[in-house]
file input-v7.tsv (TSV, N, CA and C atoms)
chain	number	residue	atom	x	y	z
A	1	MET	N	0.84	-1.19	0.00
A	1	MET	CA	0.00	0.00	0.00
A	1	MET	C	0.88	1.24	0.00
A	2	MET	N	0.52	2.21	-0.85
A	2	MET	CA	1.30	3.43	-0.94
A	2	MET	C	0.97	4.37	0.21
A	3	GLN	N	1.99	4.91	0.84
A	3	GLN	CA	1.79	5.85	1.92
A	3	GLN	C	1.51	7.23	1.34
A	4	GLN	N	0.53	7.90	1.88
A	4	GLN	CA	0.19	9.25	1.44
A	4	GLN	C	0.98	10.26	2.26
A	5	PHE	N	1.57	11.24	1.61
A	5	PHE	CA	2.40	12.22	2.29
A	5	PHE	C	1.78	13.61	2.33
A	6	HIS	N	0.55	13.76	1.91
A	6	HIS	CA	-0.06	15.10	1.88
A	6	HIS	C	-0.47	15.48	3.30
A	7	THR	N	0.41	16.17	3.99
A	7	THR	CA	0.17	16.66	5.34
A	7	THR	C	0.74	18.05	5.42
A	8	GLN	N	0.61	18.66	6.57
A	8	GLN	CA	1.19	19.99	6.78
A	8	GLN	C	2.71	19.92	6.60
A	9	GLU	N	3.31	18.82	7.06
A	9	GLU	CA	4.76	18.67	6.97
A	9	GLU	C	5.21	18.33	5.55
A	10	TYR	N	4.40	17.57	4.79
A	10	TYR	CA	4.71	17.17	3.42
A	10	TYR	C	3.57	17.58	2.49
A	11	PRO	N	3.46	18.86	2.17
A	11	PRO	CA	2.37	19.26	1.26
A	11	PRO	C	2.60	18.70	-0.14
A	12	THR	N	1.53	18.47	-0.85
A	12	THR	CA	1.62	17.97	-2.22
A	12	THR	C	2.08	19.10	-3.13
A	13	ALA	N	3.09	18.83	-3.94
A	13	ALA	CA	3.64	19.84	-4.84
A	13	ALA	C	2.85	19.88	-6.13
A	14	ASN	N	2.84	21.05	-6.72
A	14	ASN	CA	2.24	21.21	-8.04
A	14	ASN	C	3.23	20.65	-9.05
A	15	ARG	N	2.89	19.50	-9.66
A	15	ARG	CA	3.81	18.83	-10.58
A	15	ARG	C	4.17	19.70	-11.77
A	16	ASN	N	3.22	20.45	-12.30
A	16	ASN	CA	3.51	21.29	-13.45
A	16	ASN	C	4.48	22.41	-13.10
A	17	TYR	N	4.40	22.91	-11.87
A	17	TYR	CA	5.30	23.96	-11.45
A	17	TYR	C	6.73	23.45	-11.44
A	18	LYS	N	6.95	22.25	-10.88
A	18	LYS	CA	8.30	21.70	-10.83
A	18	LYS	C	8.83	21.45	-12.23
A	19	ASP	N	7.98	20.95	-13.12
A	19	ASP	CA	8.37	20.70	-14.50
A	19	ASP	C	8.79	22.01	-15.17
A	20	ARG	N	8.00	23.04	-15.02
A	20	ARG	CA	8.31	24.34	-15.62
A	20	ARG	C	9.60	24.91	-15.04
A	21	LEU	N	9.80	24.73	-13.74
A	21	LEU	CA	11.01	25.24	-13.10
A	21	LEU	C	12.25	24.55	-13.65
A	22	PHE	N	12.20	23.23	-13.78
A	22	PHE	CA	13.33	22.47	-14.34
A	22	PHE	C	13.65	22.96	-15.75
A	23	ARG	N	12.62	23.10	-16.57
A	23	ARG	CA	12.83	23.57	-17.94
A	23	ARG	C	13.37	25.00	-17.95
A	24	PHE	N	12.86	25.85	-17.05
A	24	PHE	CA	13.28	27.24	-16.98
A	24	PHE	C	14.75	27.35	-16.57
A	25	VAL	N	15.14	26.60	-15.55
A	25	VAL	CA	16.50	26.67	-15.04
A	25	VAL	C	17.52	26.28	-16.12
A	26	PHE	N	17.17	25.29	-16.92
A	26	PHE	CA	18.13	24.78	-17.90
A	26	PHE	C	17.82	25.18	-19.34
A	27	LYS	N	17.01	26.22	-19.52
A	27	LYS	CA	16.74	26.68	-20.89
A	27	LYS	C	17.94	27.41	-21.48
A	28	ASN	N	18.78	27.95	-20.62
A	28	ASN	CA	20.00	28.62	-21.05
A	28	ASN	C	21.04	27.56	-21.41
A	29	LYS	N	21.61	27.66	-22.60
A	29	LYS	CA	22.56	26.65	-23.07
A	29	LYS	C	23.77	26.50	-22.15
A	30	LYS	N	24.24	27.60	-21.58
A	30	LYS	CA	25.40	27.51	-20.69
A	30	LYS	C	25.06	26.68	-19.46
A	31	ASP	N	23.90	26.91	-18.87
A	31	ASP	CA	23.50	26.14	-17.69
A	31	ASP	C	23.27	24.67	-18.04
A	32	LEU	N	22.68	24.43	-19.20
A	32	LEU	CA	22.47	23.06	-19.65
A	32	LEU	C	23.81	22.36	-19.89
A	33	LEU	N	24.75	23.07	-20.46
A	33	LEU	CA	26.09	22.50	-20.69
A	33	LEU	C	26.77	22.21	-19.35
A	34	ASP	N	26.60	23.10	-18.37
A	34	ASP	CA	27.16	22.85	-17.04
A	34	ASP	C	26.57	21.58	-16.42
A	35	LEU	N	25.26	21.39	-16.58
A	35	LEU	CA	24.61	20.19	-16.07
A	35	LEU	C	25.16	18.95	-16.78
A	36	TYR	N	25.27	19.02	-18.09
A	36	TYR	CA	25.82	17.91	-18.87
A	36	TYR	C	27.23	17.56	-18.39
A	37	ASN	N	28.08	18.58	-18.23
A	37	ASN	CA	29.45	18.35	-17.77
A	37	ASN	C	29.48	17.72	-16.38
A	38	ALA	N	28.61	18.19	-15.48
A	38	ALA	CA	28.57	17.65	-14.12
A	38	ALA	C	28.16	16.18	-14.13
A	39	ILE	N	27.22	15.81	-14.96
A	39	ILE	CA	26.74	14.43	-15.03
A	39	ILE	C	27.76	13.51	-15.67
A	40	ASN	N	28.41	13.99	-16.71
A	40	ASN	CA	29.28	13.14	-17.52
A	40	ASN	C	30.77	13.26	-17.22
A	41	GLY	N	31.13	14.15	-16.31
A	41	GLY	CA	32.55	14.33	-16.00
A	41	GLY	C	33.34	14.89	-17.17
A	42	THR	N	32.68	15.69	-17.99
A	42	THR	CA	33.34	16.30	-19.15
A	42	THR	C	33.62	17.77	-18.87
A	43	ASP	N	34.29	18.41	-19.79
A	43	ASP	CA	34.62	19.83	-19.59
A	43	ASP	C	34.39	20.66	-20.85
A	44	TYR	N	33.28	20.39	-21.53
A	44	TYR	CA	32.92	21.23	-22.67
A	44	TYR	C	32.76	22.67	-22.18
A	45	ASP	N	33.20	23.63	-22.98
A	45	ASP	CA	33.09	25.02	-22.53
A	45	ASP	C	32.40	25.94	-23.53
A	46	ASN	N	31.94	25.40	-24.65
A	46	ASN	CA	31.27	26.22	-25.66
A	46	ASN	C	29.79	25.82	-25.74
A	47	PRO	N	28.89	26.62	-25.15
A	47	PRO	CA	27.47	26.29	-25.17
A	47	PRO	C	26.90	26.16	-26.59
A	48	GLU	N	27.56	26.77	-27.56
A	48	GLU	CA	27.06	26.69	-28.94
A	48	GLU	C	27.25	25.29	-29.54
A	49	GLU	N	28.01	24.44	-28.85
A	49	GLU	CA	28.15	23.05	-29.30
A	49	GLU	C	26.88	22.24	-29.05
A	50	LEU	N	26.00	22.77	-28.21
A	50	LEU	CA	24.72	22.12	-27.93
A	50	LEU	C	23.71	22.45	-29.01
A	51	GLU	N	23.02	21.46	-29.48
A	51	GLU	CA	21.89	21.67	-30.40
A	51	GLU	C	20.64	21.20	-29.65
A	52	VAL	N	19.88	22.15	-29.12
A	52	VAL	CA	18.68	21.81	-28.36
A	52	VAL	C	17.59	21.36	-29.33
A	53	ASN	N	16.96	20.23	-29.01
A	53	ASN	CA	15.93	19.67	-29.89
A	53	ASN	C	14.74	19.12	-29.09
A	54	THR	N	14.37	19.85	-28.05
A	54	THR	CA	13.27	19.45	-27.17
A	54	THR	C	11.96	19.40	-27.95
A	55	LEU	N	11.20	18.34	-27.74
A	55	LEU	CA	9.89	18.20	-28.39
A	55	LEU	C	8.87	19.08	-27.68
A	56	GLU	N	8.05	19.75	-28.44
A	56	GLU	CA	6.96	20.56	-27.90
A	56	GLU	C	5.64	19.97	-28.36
A	57	ASN	N	4.56	20.25	-27.63
A	57	ASN	CA	3.23	19.70	-27.92
A	57	ASN	C	2.80	19.84	-29.37
A	58	VAL	N	3.03	20.98	-29.95
A	58	VAL	CA	2.41	21.35	-31.21
A	58	VAL	C	2.65	20.34	-32.32
A	59	LEU	N	3.88	19.94	-32.52
A	59	LEU	CA	4.21	19.08	-33.65
A	59	LEU	C	4.00	17.60	-33.39
A	60	TYR	N	4.06	17.19	-32.16
A	60	TYR	CA	4.08	15.75	-31.89
A	60	TYR	C	2.87	15.29	-31.08
A	61	LEU	N	1.70	15.78	-31.42
A	61	LEU	CA	0.45	15.27	-30.86
A	61	LEU	C	0.47	15.14	-29.34
A	62	SER	N	0.65	16.23	-28.66
A	62	SER	CA	0.65	16.29	-27.20
A	62	SER	C	1.84	15.61	-26.55
A	63	MET	N	2.85	15.25	-27.32
A	63	MET	CA	4.02	14.63	-26.74
A	63	MET	C	5.10	15.68	-26.60
A	64	LYS	N	5.56	15.87	-25.36
A	64	LYS	CA	6.67	16.79	-25.15
A	64	LYS	C	7.57	16.19	-24.09
A	65	ASN	N	8.84	16.50	-24.21
A	65	ASN	CA	9.78	16.07	-23.19
A	65	ASN	C	10.32	17.30	-22.49
A	66	ASP	N	11.06	17.10	-21.41
A	66	ASP	CA	11.56	18.24	-20.67
A	66	ASP	C	12.73	18.90	-21.39
A	67	LEU	N	13.78	18.18	-21.63
A	67	LEU	CA	14.96	18.73	-22.31
A	67	LEU	C	15.60	17.65	-23.17
A	68	SER	N	15.91	17.97	-24.38
A	68	SER	CA	16.73	17.07	-25.19
A	68	SER	C	17.67	17.92	-26.03
A	69	PHE	N	18.86	17.37	-26.22
A	69	PHE	CA	19.87	18.11	-26.96
A	69	PHE	C	20.91	17.16	-27.50
A	70	LEU	N	21.57	17.62	-28.53
A	70	LEU	CA	22.63	16.88	-29.18
A	70	LEU	C	23.95	17.58	-28.87
A	71	ILE	N	24.94	16.81	-28.47
A	71	ILE	CA	26.28	17.35	-28.30
A	71	ILE	C	27.25	16.27	-28.74
A	72	ASP	N	28.20	16.67	-29.54
A	72	ASP	CA	29.15	15.72	-30.11
A	72	ASP	C	28.35	14.66	-30.86
A	73	ALA	N	28.45	13.41	-30.53
A	73	ALA	CA	27.70	12.36	-31.21
A	73	ALA	C	26.74	11.69	-30.23
A	74	GLU	N	26.19	12.50	-29.32
A	74	GLU	CA	25.33	11.95	-28.27
A	74	GLU	C	24.02	12.73	-28.21
A	75	LEU	N	22.93	12.00	-28.22
A	75	LEU	CA	21.59	12.58	-28.10
A	75	LEU	C	21.12	12.39	-26.67
A	76	ASN	N	20.96	13.49	-25.95
A	76	ASN	CA	20.62	13.45	-24.54
A	76	ASN	C	19.16	13.81	-24.31
A	77	LEU	N	18.53	13.05	-23.44
A	77	LEU	CA	17.15	13.30	-23.05
A	77	LEU	C	17.14	13.38	-21.54
A	78	TYR	N	16.80	14.55	-20.99
A	78	TYR	CA	16.74	14.75	-19.55
A	78	TYR	C	15.28	14.97	-19.18
A	79	GLU	N	14.79	14.19	-18.25
A	79	GLU	CA	13.42	14.30	-17.78
A	79	GLU	C	13.42	14.54	-16.28
A	80	HIS	N	12.52	15.40	-15.84
A	80	HIS	CA	12.34	15.66	-14.41
A	80	HIS	C	11.03	15.04	-13.97
A	81	GLN	N	11.06	14.27	-12.90
A	81	GLN	CA	9.85	13.65	-12.36
A	81	GLN	C	9.73	13.97	-10.88
A	82	SER	N	8.57	14.42	-10.47
A	82	SER	CA	8.32	14.64	-9.04
A	82	SER	C	7.39	13.56	-8.49
A	83	THR	N	6.91	12.68	-9.36
A	83	THR	CA	6.10	11.55	-8.94
A	83	THR	C	6.67	10.29	-9.57
A	84	TYR	N	6.49	9.19	-8.89
A	84	TYR	CA	6.97	7.91	-9.38
A	84	TYR	C	6.22	7.55	-10.67
A	85	ASN	N	6.97	7.13	-11.69
A	85	ASN	CA	6.34	6.70	-12.94
A	85	ASN	C	7.14	5.54	-13.52
A	86	PRO	N	6.61	4.32	-13.37
A	86	PRO	CA	7.34	3.15	-13.87
A	86	PRO	C	7.37	3.08	-15.40
A	87	ASN	N	6.66	3.97	-16.08
A	87	ASN	CA	6.60	3.96	-17.54
A	87	ASN	C	7.62	4.88	-18.20
A	88	MET	N	8.54	5.43	-17.43
A	88	MET	CA	9.53	6.34	-18.01
A	88	MET	C	10.39	5.70	-19.10
A	89	PRO	N	10.77	4.43	-19.00
A	89	PRO	CA	11.53	3.85	-20.13
A	89	PRO	C	10.74	3.88	-21.44
A	90	MET	N	9.46	3.56	-21.39
A	90	MET	CA	8.64	3.59	-22.62
A	90	MET	C	8.46	5.03	-23.10
A	91	ARG	N	8.20	5.95	-22.17
A	91	ARG	CA	8.07	7.35	-22.57
A	91	ARG	C	9.36	7.84	-23.21
A	92	GLY	N	10.51	7.45	-22.63
A	92	GLY	CA	11.80	7.83	-23.20
A	92	GLY	C	11.96	7.30	-24.61
A	93	LEU	N	11.56	6.05	-24.82
A	93	LEU	CA	11.64	5.47	-26.16
A	93	LEU	C	10.80	6.28	-27.15
A	94	LEU	N	9.60	6.66	-26.76
A	94	LEU	CA	8.74	7.45	-27.65
A	94	LEU	C	9.31	8.84	-27.89
A	95	TYR	N	9.87	9.46	-26.85
A	95	TYR	CA	10.50	10.77	-27.03
A	95	TYR	C	11.68	10.66	-27.99
A	96	PHE	N	12.51	9.64	-27.78
A	96	PHE	CA	13.65	9.45	-28.68
A	96	PHE	C	13.19	9.23	-30.11
A	97	ALA	N	12.13	8.46	-30.30
A	97	ALA	CA	11.61	8.25	-31.66
A	97	ALA	C	11.25	9.57	-32.32
A	98	GLY	N	10.59	10.44	-31.57
A	98	GLY	CA	10.22	11.76	-32.11
A	98	GLY	C	11.44	12.61	-32.43
A	99	VAL	N	12.41	12.62	-31.53
A	99	VAL	CA	13.62	13.43	-31.74
A	99	VAL	C	14.43	12.87	-32.90
A	100	TYR	N	14.58	11.54	-32.97
A	100	TYR	CA	15.31	10.94	-34.10
A	100	TYR	C	14.59	11.20	-35.43
A	101	THR	N	13.26	11.14	-35.43
A	101	THR	CA	12.50	11.43	-36.65
A	101	THR	C	12.81	12.84	-37.14
A	102	ARG	N	12.80	13.79	-36.22
A	102	ARG	CA	13.10	15.17	-36.59
A	102	ARG	C	14.56	15.31	-37.04
A	103	HIS	N	15.47	14.61	-36.36
A	103	HIS	CA	16.90	14.63	-36.71
A	103	HIS	C	17.11	14.12	-38.14
A	104	ILE	N	16.49	12.99	-38.46
A	104	ILE	CA	16.61	12.39	-39.79
A	104	ILE	C	16.04	13.31	-40.86
A	105	SER	N	14.89	13.89	-40.56
A	105	SER	CA	14.23	14.78	-41.52
A	105	SER	C	15.04	16.06	-41.75
A	106	SER	N	15.49	16.69	-40.67
A	106	SER	CA	16.19	17.98	-40.82
A	106	SER	C	17.53	17.83	-41.54
A	107	ARG	N	18.13	16.65	-41.44
A	107	ARG	CA	19.42	16.42	-42.11
A	107	ARG	C	19.26	15.66	-43.42
A	108	GLU	N	18.01	15.40	-43.79
A	108	GLU	CA	17.68	14.70	-45.03
A	108	GLU	C	18.48	13.40	-45.16
A	109	ILE	N	18.47	12.61	-44.09
A	109	ILE	CA	19.17	11.32	-44.09
A	109	ILE	C	18.25	10.29	-44.72
A	110	ASN	N	18.78	9.61	-45.71
A	110	ASN	CA	17.99	8.58	-46.40
A	110	ASN	C	18.19	7.25	-45.68
A	111	ILE	N	17.26	6.91	-44.80
A	111	ILE	CA	17.38	5.66	-44.04
A	111	ILE	C	17.00	4.44	-44.88
A	112	TYR	N	16.55	4.65	-46.10
A	112	TYR	CA	16.19	3.55	-46.98
A	112	TYR	C	17.31	3.19	-47.95
A	113	SER	N	18.43	3.90	-47.85
A	113	SER	CA	19.55	3.60	-48.75
A	113	SER	C	20.25	2.32	-48.30
A	114	SER	N	21.08	1.79	-49.15
A	114	SER	CA	21.79	0.55	-48.82
A	114	SER	C	23.07	0.81	-48.03
A	115	SER	N	23.42	2.07	-47.83
A	115	SER	CA	24.63	2.37	-47.05
A	115	SER	C	24.24	2.69	-45.61
A	116	PRO	N	25.08	2.26	-44.66
A	116	PRO	CA	24.77	2.53	-43.25
A	116	PRO	C	24.90	4.02	-42.94
A	117	LYS	N	24.06	4.49	-42.05
A	117	LYS	CA	24.09	5.89	-41.62
A	117	LYS	C	24.52	5.94	-40.16
A	118	GLU	N	25.14	7.03	-39.78
A	118	GLU	CA	25.54	7.22	-38.39
A	118	GLU	C	24.51	8.07	-37.68
A	119	PHE	N	24.19	7.66	-36.46
A	119	PHE	CA	23.22	8.39	-35.65
A	119	PHE	C	23.81	8.62	-34.26
A	120	PRO	N	23.40	9.69	-33.62
A	120	PRO	CA	23.92	9.96	-32.27
A	120	PRO	C	23.48	8.88	-31.28
A	121	PHE	N	24.34	8.61	-30.33
A	121	PHE	CA	24.08	7.63	-29.28
A	121	PHE	C	23.10	8.22	-28.26
A	122	PRO	N	22.04	7.49	-27.88
A	122	PRO	CA	21.06	8.04	-26.94
A	122	PRO	C	21.50	7.90	-25.48
A	123	GLN	N	21.22	8.93	-24.71
A	123	GLN	CA	21.43	8.89	-23.26
A	123	GLN	C	20.19	9.48	-22.60
A	124	HIS	N	19.51	8.68	-21.79
A	124	HIS	CA	18.26	9.10	-21.13
A	124	HIS	C	18.50	9.17	-19.62
A	125	ILE	N	18.30	10.34	-19.06
A	125	ILE	CA	18.48	10.53	-17.62
A	125	ILE	C	17.20	11.10	-17.04
A	126	VAL	N	16.75	10.50	-15.94
A	126	VAL	CA	15.55	10.97	-15.24
A	126	VAL	C	15.99	11.50	-13.88
A	127	PHE	N	15.65	12.75	-13.61
A	127	PHE	CA	15.90	13.37	-12.32
A	127	PHE	C	14.62	13.23	-11.52
A	128	TYR	N	14.69	12.56	-10.40
A	128	TYR	CA	13.50	12.28	-9.58
A	128	TYR	C	13.65	12.95	-8.22
A	129	ASN	N	12.65	13.73	-7.83
A	129	ASN	CA	12.69	14.35	-6.51
A	129	ASN	C	11.36	14.18	-5.77
A	130	GLY	N	10.72	13.06	-5.98
A	130	GLY	CA	9.46	12.79	-5.29
A	130	GLY	C	9.68	12.26	-3.89
A	131	THR	N	8.58	11.97	-3.22
A	131	THR	CA	8.67	11.50	-1.84
A	131	THR	C	8.72	9.98	-1.74
A	132	GLN	N	8.33	9.27	-2.81
A	132	GLN	CA	8.40	7.82	-2.79
A	132	GLN	C	9.84	7.39	-3.06
A	133	GLU	N	10.35	6.46	-2.26
A	133	GLU	CA	11.74	6.04	-2.42
A	133	GLU	C	11.94	5.33	-3.75
A	134	GLU	N	12.98	5.69	-4.45
A	134	GLU	CA	13.32	5.08	-5.74
A	134	GLU	C	14.78	4.78	-5.77

call {"tool": "encode", "arguments": {"input": "input-v7.tsv", "output": "structure tokens"}}
result
Amino acid sequence: MMQQFHTQEYPTANRNYKDRLFRFVFKNKKDLLDLYNAINGTDYDNPEELEVNTLENVLYLSMKNDLSFLIDAELNLYEHQSTYNPNMPMRGLLYFAGVYTRHISSREINIYSSSPKEFPFPQHIVFYNGTQEE
């Protein structure tokens, strides 16, 4: 049975507020690059090396992710969760499909050709700050 934490000591957070805050904090390429470097132990110093490709509702039928970007040969997907969601791997797969579709289209990559194509390596990270232990 799940324990409920909505009390004076543990008020329920507005999930949309936390999501917007995460996106707001890292909308600046320099801050996003700093986060990337902290996670990966790298020392990139040029924010212009980031190609932000976050999905928004409009084009992908109500599907949006928090942050996604390309750097070097790596496609990064960062998601913020304030509630437990065991479906994040599937959601990540769908987000990656949308981002890769846009990547292929914008670069006019012919995936039907007989020659192999190179694609960025996916990295999916979920930041969780909910009250349920994970």

call {"tool": "closest_residue", "arguments": {"input": "input-v7.tsv", "among": "A:Val52, A:Ile109, A:Leu77, A:Leu70", "to": "Gly92 (chain A)", "atoms": "all atoms listed in the file"}}
result
A:Leu77

call {"tool": "residues_near_point", "arguments": {"input": "input-v7.tsv", "point": "(28.3, 17.7, -28.2)", "cutoff": "7 Å", "atoms": "all atoms listed in the file", "output": "list of chain:residue names"}}
result
A:Glu49, A:Leu50, A:Glu51, A:Leu70, A:Ile71, A:Asp72, A:Ala73, A:Glu74

call {"tool": "select_by_dssp", "arguments": {"input": "input-v7.tsv", "residues": "region 55-121 of chain A", "states": "helix (DSSP H, G or I)", "output": "PyMOL selection string"}}
result
chain A and resi 88-106

call {"tool": "atom_distance", "arguments": {"input": "input-v7.tsv", "atom1": "atom C of Gly130 (chain A)", "atom2": "CA of Glu79 (chain A)"}}
result
14.5 Å

call {"tool": "atom_distance", "arguments": {"input": "input-v7.tsv", "atom1": "CA of Phe127 (chain A)", "atom2": "CA of Gly41 (chain A)"}}
result
17.1 Å

call {"tool": "atom_distance", "arguments": {"input": "input-v7.tsv", "atom1": "CA of Ser68 (chain A)", "atom2": "CA of Pro116 (chain A)"}}
result
24.5 Å

call {"tool": "residues_around", "arguments": {"input": "input-v7.tsv", "residues": "Asn85 (chain A)", "least_positions_apart": "3", "cutoff": "12 Å", "atoms": "only C-alpha atoms", "output": "PDB file with N, CA and C atoms, in the frame of the given file"}}
result
ATOM      1  N   GLU A  79      14.790  14.190 -18.250  1.00  0.00           N
ATOM      2  CA  GLU A  79      13.420  14.300 -17.780  1.00  0.00           C
ATOM      3  C   GLU A  79      13.420  14.540 -16.280  1.00  0.00           C
ATOM      4  N   HIS A  80      12.520  15.400 -15.840  1.00  0.00           N
ATOM      5  CA  HIS A  80      12.340  15.660 -14.410  1.00  0.00           C
ATOM      6  C   HIS A  80      11.030  15.040 -13.970  1.00  0.00           C
ATOM      7  N   GLN A  81      11.060  14.270 -12.900  1.00  0.00           N
ATOM      8  CA  GLN A  81       9.850  13.650 -12.360  1.00  0.00           C
ATOM      9  C   GLN A  81       9.730  13.970 -10.880  1.00  0.00           C
ATOM     10  N   SER A  82       8.570  14.420 -10.470  1.00  0.00           N
ATOM     11  CA  SER A  82       8.320  14.640  -9.040  1.00  0.00           C
ATOM     12  C   SER A  82       7.390  13.560  -8.490  1.00  0.00           C
ATOM     13  N   MET A  88       8.540   5.430 -17.430  1.00  0.00           N
ATOM     14  CA  MET A  88       9.530   6.340 -18.010  1.00  0.00           C
ATOM     15  C   MET A  88      10.390   5.700 -19.100  1.00  0.00           C
ATOM     16  N   PRO A  89      10.770   4.430 -19.000  1.00  0.00           N
ATOM     17  CA  PRO A  89      11.530   3.850 -20.130  1.00  0.00           C
ATOM     18  C   PRO A  89      10.740   3.880 -21.440  1.00  0.00           C
ATOM     19  N   MET A  90       9.460   3.560 -21.390  1.00  0.00           N
ATOM     20  CA  MET A  90       8.640   3.590 -22.620  1.00  0.00           C
ATOM     21  C   MET A  90       8.460   5.030 -23.100  1.00  0.00           C
ATOM     22  N   ARG A  91       8.200   5.950 -22.170  1.00  0.00           N
ATOM     23  CA  ARG A  91       8.070   7.350 -22.570  1.00  0.00           C
ATOM     24  C   ARG A  91       9.360   7.840 -23.210  1.00  0.00           C
ATOM     25  N   GLY A  92      10.510   7.450 -22.630  1.00  0.00           N
ATOM     26  CA  GLY A  92      11.800   7.830 -23.200  1.00  0.00           C
ATOM     27  C   GLY A  92      11.960   7.300 -24.610  1.00  0.00           C
ATOM     28  N   VAL A 126      16.750  10.500 -15.940  1.00  0.00           N
ATOM     29  CA  VAL A 126      15.550  10.970 -15.240  1.00  0.00           C
ATOM     30  C   VAL A 126      15.990  11.500 -13.880  1.00  0.00           C
ATOM     31  N   PHE A 127      15.650  12.750 -13.610  1.00  0.00           N
ATOM     32  CA  PHE A 127      15.900  13.370 -12.320  1.00  0.00           C
ATOM     33  C   PHE A 127      14.620  13.230 -11.520  1.00  0.00           C
ATOM     34  N   TYR A 128      14.690  12.560 -10.400  1.00  0.00           N
ATOM     35  CA  TYR A 128      13.500  12.280  -9.580  1.00  0.00           C
ATOM     36  C   TYR A 128      13.650  12.950  -8.220  1.00  0.00           C
ATOM     37  N   ASN A 129      12.650  13.730  -7.830  1.00  0.00           N
ATOM     38  CA  ASN A 129      12.690  14.350  -6.510  1.00  0.00           C
ATOM     39  C   ASN A 129      11.360  14.180  -5.770  1.00  0.00           C
ATOM     40  N   GLY A 130      10.720  13.060  -5.980  1.00  0.00           N
ATOM     41  CA  GLY A 130       9.460  12.790  -5.290  1.00  0.00           C
ATOM     42  C   GLY A 130       9.680  12.260  -3.890  1.00  0.00           C
ATOM     43  N   GLN A 132       8.330   9.270  -2.810  1.00  0.00           N
ATOM     44  CA  GLN A 132       8.400   7.820  -2.790  1.00  0.00           C
ATOM     45  C   GLN A 132       9.840   7.390  -3.060  1.00  0.00           C
ATOM     46  N   GLU A 133      10.350   6.460  -2.260  1.00  0.00           N
ATOM     47  CA  GLU A 133      11.740   6.040  -2.420  1.00  0.00           C
ATOM     48  C   GLU A 133      11.940   5.330  -3.750  1.00  0.00           C
ATOM     49  N   GLU A 134      12.980   5.690  -4.450  1.00  0.00           N
ATOM     50  CA  GLU A 134      13.320   5.080  -5.740  1.00  0.00           C
ATOM     51  C   GLU A 134      14.780   4.780  -5.770  1.00  0.00           C
TER      52      GLU A 134
END

call {"tool": "build_atoms", "arguments": {"input": "input-v7.tsv", "residues": "region 24-35 of chain A", "atoms": "N, CA, C and O atoms", "output": "PDB file, in the frame of the given file"}}
result
ATOM      1  N   PHE A  24      12.860  25.850 -17.050  1.00  0.00           N
ATOM      2  CA  PHE A  24      13.280  27.240 -16.980  1.00  0.00           C
ATOM      3  C   PHE A  24      14.750  27.350 -16.570  1.00  0.00           C
ATOM      4  O   PHE A  24      15.520  28.092 -17.173  1.00  0.00           O
ATOM      5  N   VAL A  25      15.140  26.600 -15.550  1.00  0.00           N
ATOM      6  CA  VAL A  25      16.500  26.670 -15.040  1.00  0.00           C
ATOM      7  C   VAL A  25      17.520  26.280 -16.120  1.00  0.00           C
ATOM      8  O   VAL A  25      18.575  26.894 -16.240  1.00  0.00           O
ATOM      9  N   PHE A  26      17.170  25.290 -16.920  1.00  0.00           N
ATOM     10  CA  PHE A  26      18.130  24.780 -17.900  1.00  0.00           C
ATOM     11  C   PHE A  26      17.820  25.180 -19.340  1.00  0.00           C
ATOM     12  O   PHE A  26      18.341  24.587 -20.273  1.00  0.00           O
ATOM     13  N   LYS A  27      17.010  26.220 -19.520  1.00  0.00           N
ATOM     14  CA  LYS A  27      16.740  26.680 -20.890  1.00  0.00           C
ATOM     15  C   LYS A  27      17.940  27.410 -21.480  1.00  0.00           C
ATOM     16  O   LYS A  27      18.119  27.459 -22.681  1.00  0.00           O
ATOM     17  N   ASN A  28      18.780  27.950 -20.620  1.00  0.00           N
ATOM     18  CA  ASN A  28      20.000  28.620 -21.050  1.00  0.00           C
ATOM     19  C   ASN A  28      21.040  27.560 -21.410  1.00  0.00           C
ATOM     20  O   ASN A  28      21.321  26.660 -20.627  1.00  0.00           O
ATOM     21  N   LYS A  29      21.610  27.660 -22.600  1.00  0.00           N
ATOM     22  CA  LYS A  29      22.560  26.650 -23.070  1.00  0.00           C
ATOM     23  C   LYS A  29      23.770  26.500 -22.150  1.00  0.00           C
ATOM     24  O   LYS A  29      24.272  25.399 -21.967  1.00  0.00           O
ATOM     25  N   LYS A  30      24.240  27.600 -21.580  1.00  0.00           N
ATOM     26  CA  LYS A  30      25.400  27.510 -20.690  1.00  0.00           C
ATOM     27  C   LYS A  30      25.060  26.680 -19.460  1.00  0.00           C
ATOM     28  O   LYS A  30      25.848  25.820 -19.046  1.00  0.00           O
ATOM     29  N   ASP A  31      23.900  26.910 -18.870  1.00  0.00           N
ATOM     30  CA  ASP A  31      23.500  26.140 -17.690  1.00  0.00           C
ATOM     31  C   ASP A  31      23.270  24.670 -18.040  1.00  0.00           C
ATOM     32  O   ASP A  31      23.622  23.780 -17.269  1.00  0.00           O
ATOM     33  N   LEU A  32      22.680  24.430 -19.200  1.00  0.00           N
ATOM     34  CA  LEU A  32      22.470  23.060 -19.650  1.00  0.00           C
ATOM     35  C   LEU A  32      23.810  22.360 -19.890  1.00  0.00           C
ATOM     36  O   LEU A  32      23.994  21.191 -19.520  1.00  0.00           O
ATOM     37  N   LEU A  33      24.750  23.070 -20.460  1.00  0.00           N
ATOM     38  CA  LEU A  33      26.090  22.500 -20.690  1.00  0.00           C
ATOM     39  C   LEU A  33      26.770  22.210 -19.350  1.00  0.00           C
ATOM     40  O   LEU A  33      27.433  21.177 -19.195  1.00  0.00           O
ATOM     41  N   ASP A  34      26.600  23.100 -18.370  1.00  0.00           N
ATOM     42  CA  ASP A  34      27.160  22.850 -17.040  1.00  0.00           C
ATOM     43  C   ASP A  34      26.570  21.580 -16.420  1.00  0.00           C
ATOM     44  O   ASP A  34      27.280  20.788 -15.812  1.00  0.00           O
ATOM     45  N   LEU A  35      25.260  21.390 -16.580  1.00  0.00           N
ATOM     46  CA  LEU A  35      24.610  20.190 -16.070  1.00  0.00           C
ATOM     47  C   LEU A  35      25.160  18.950 -16.780  1.00  0.00           C
ATOM     48  O   LEU A  35      25.488  17.948 -16.140  1.00  0.00           O
TER      49      LEU A  35
END
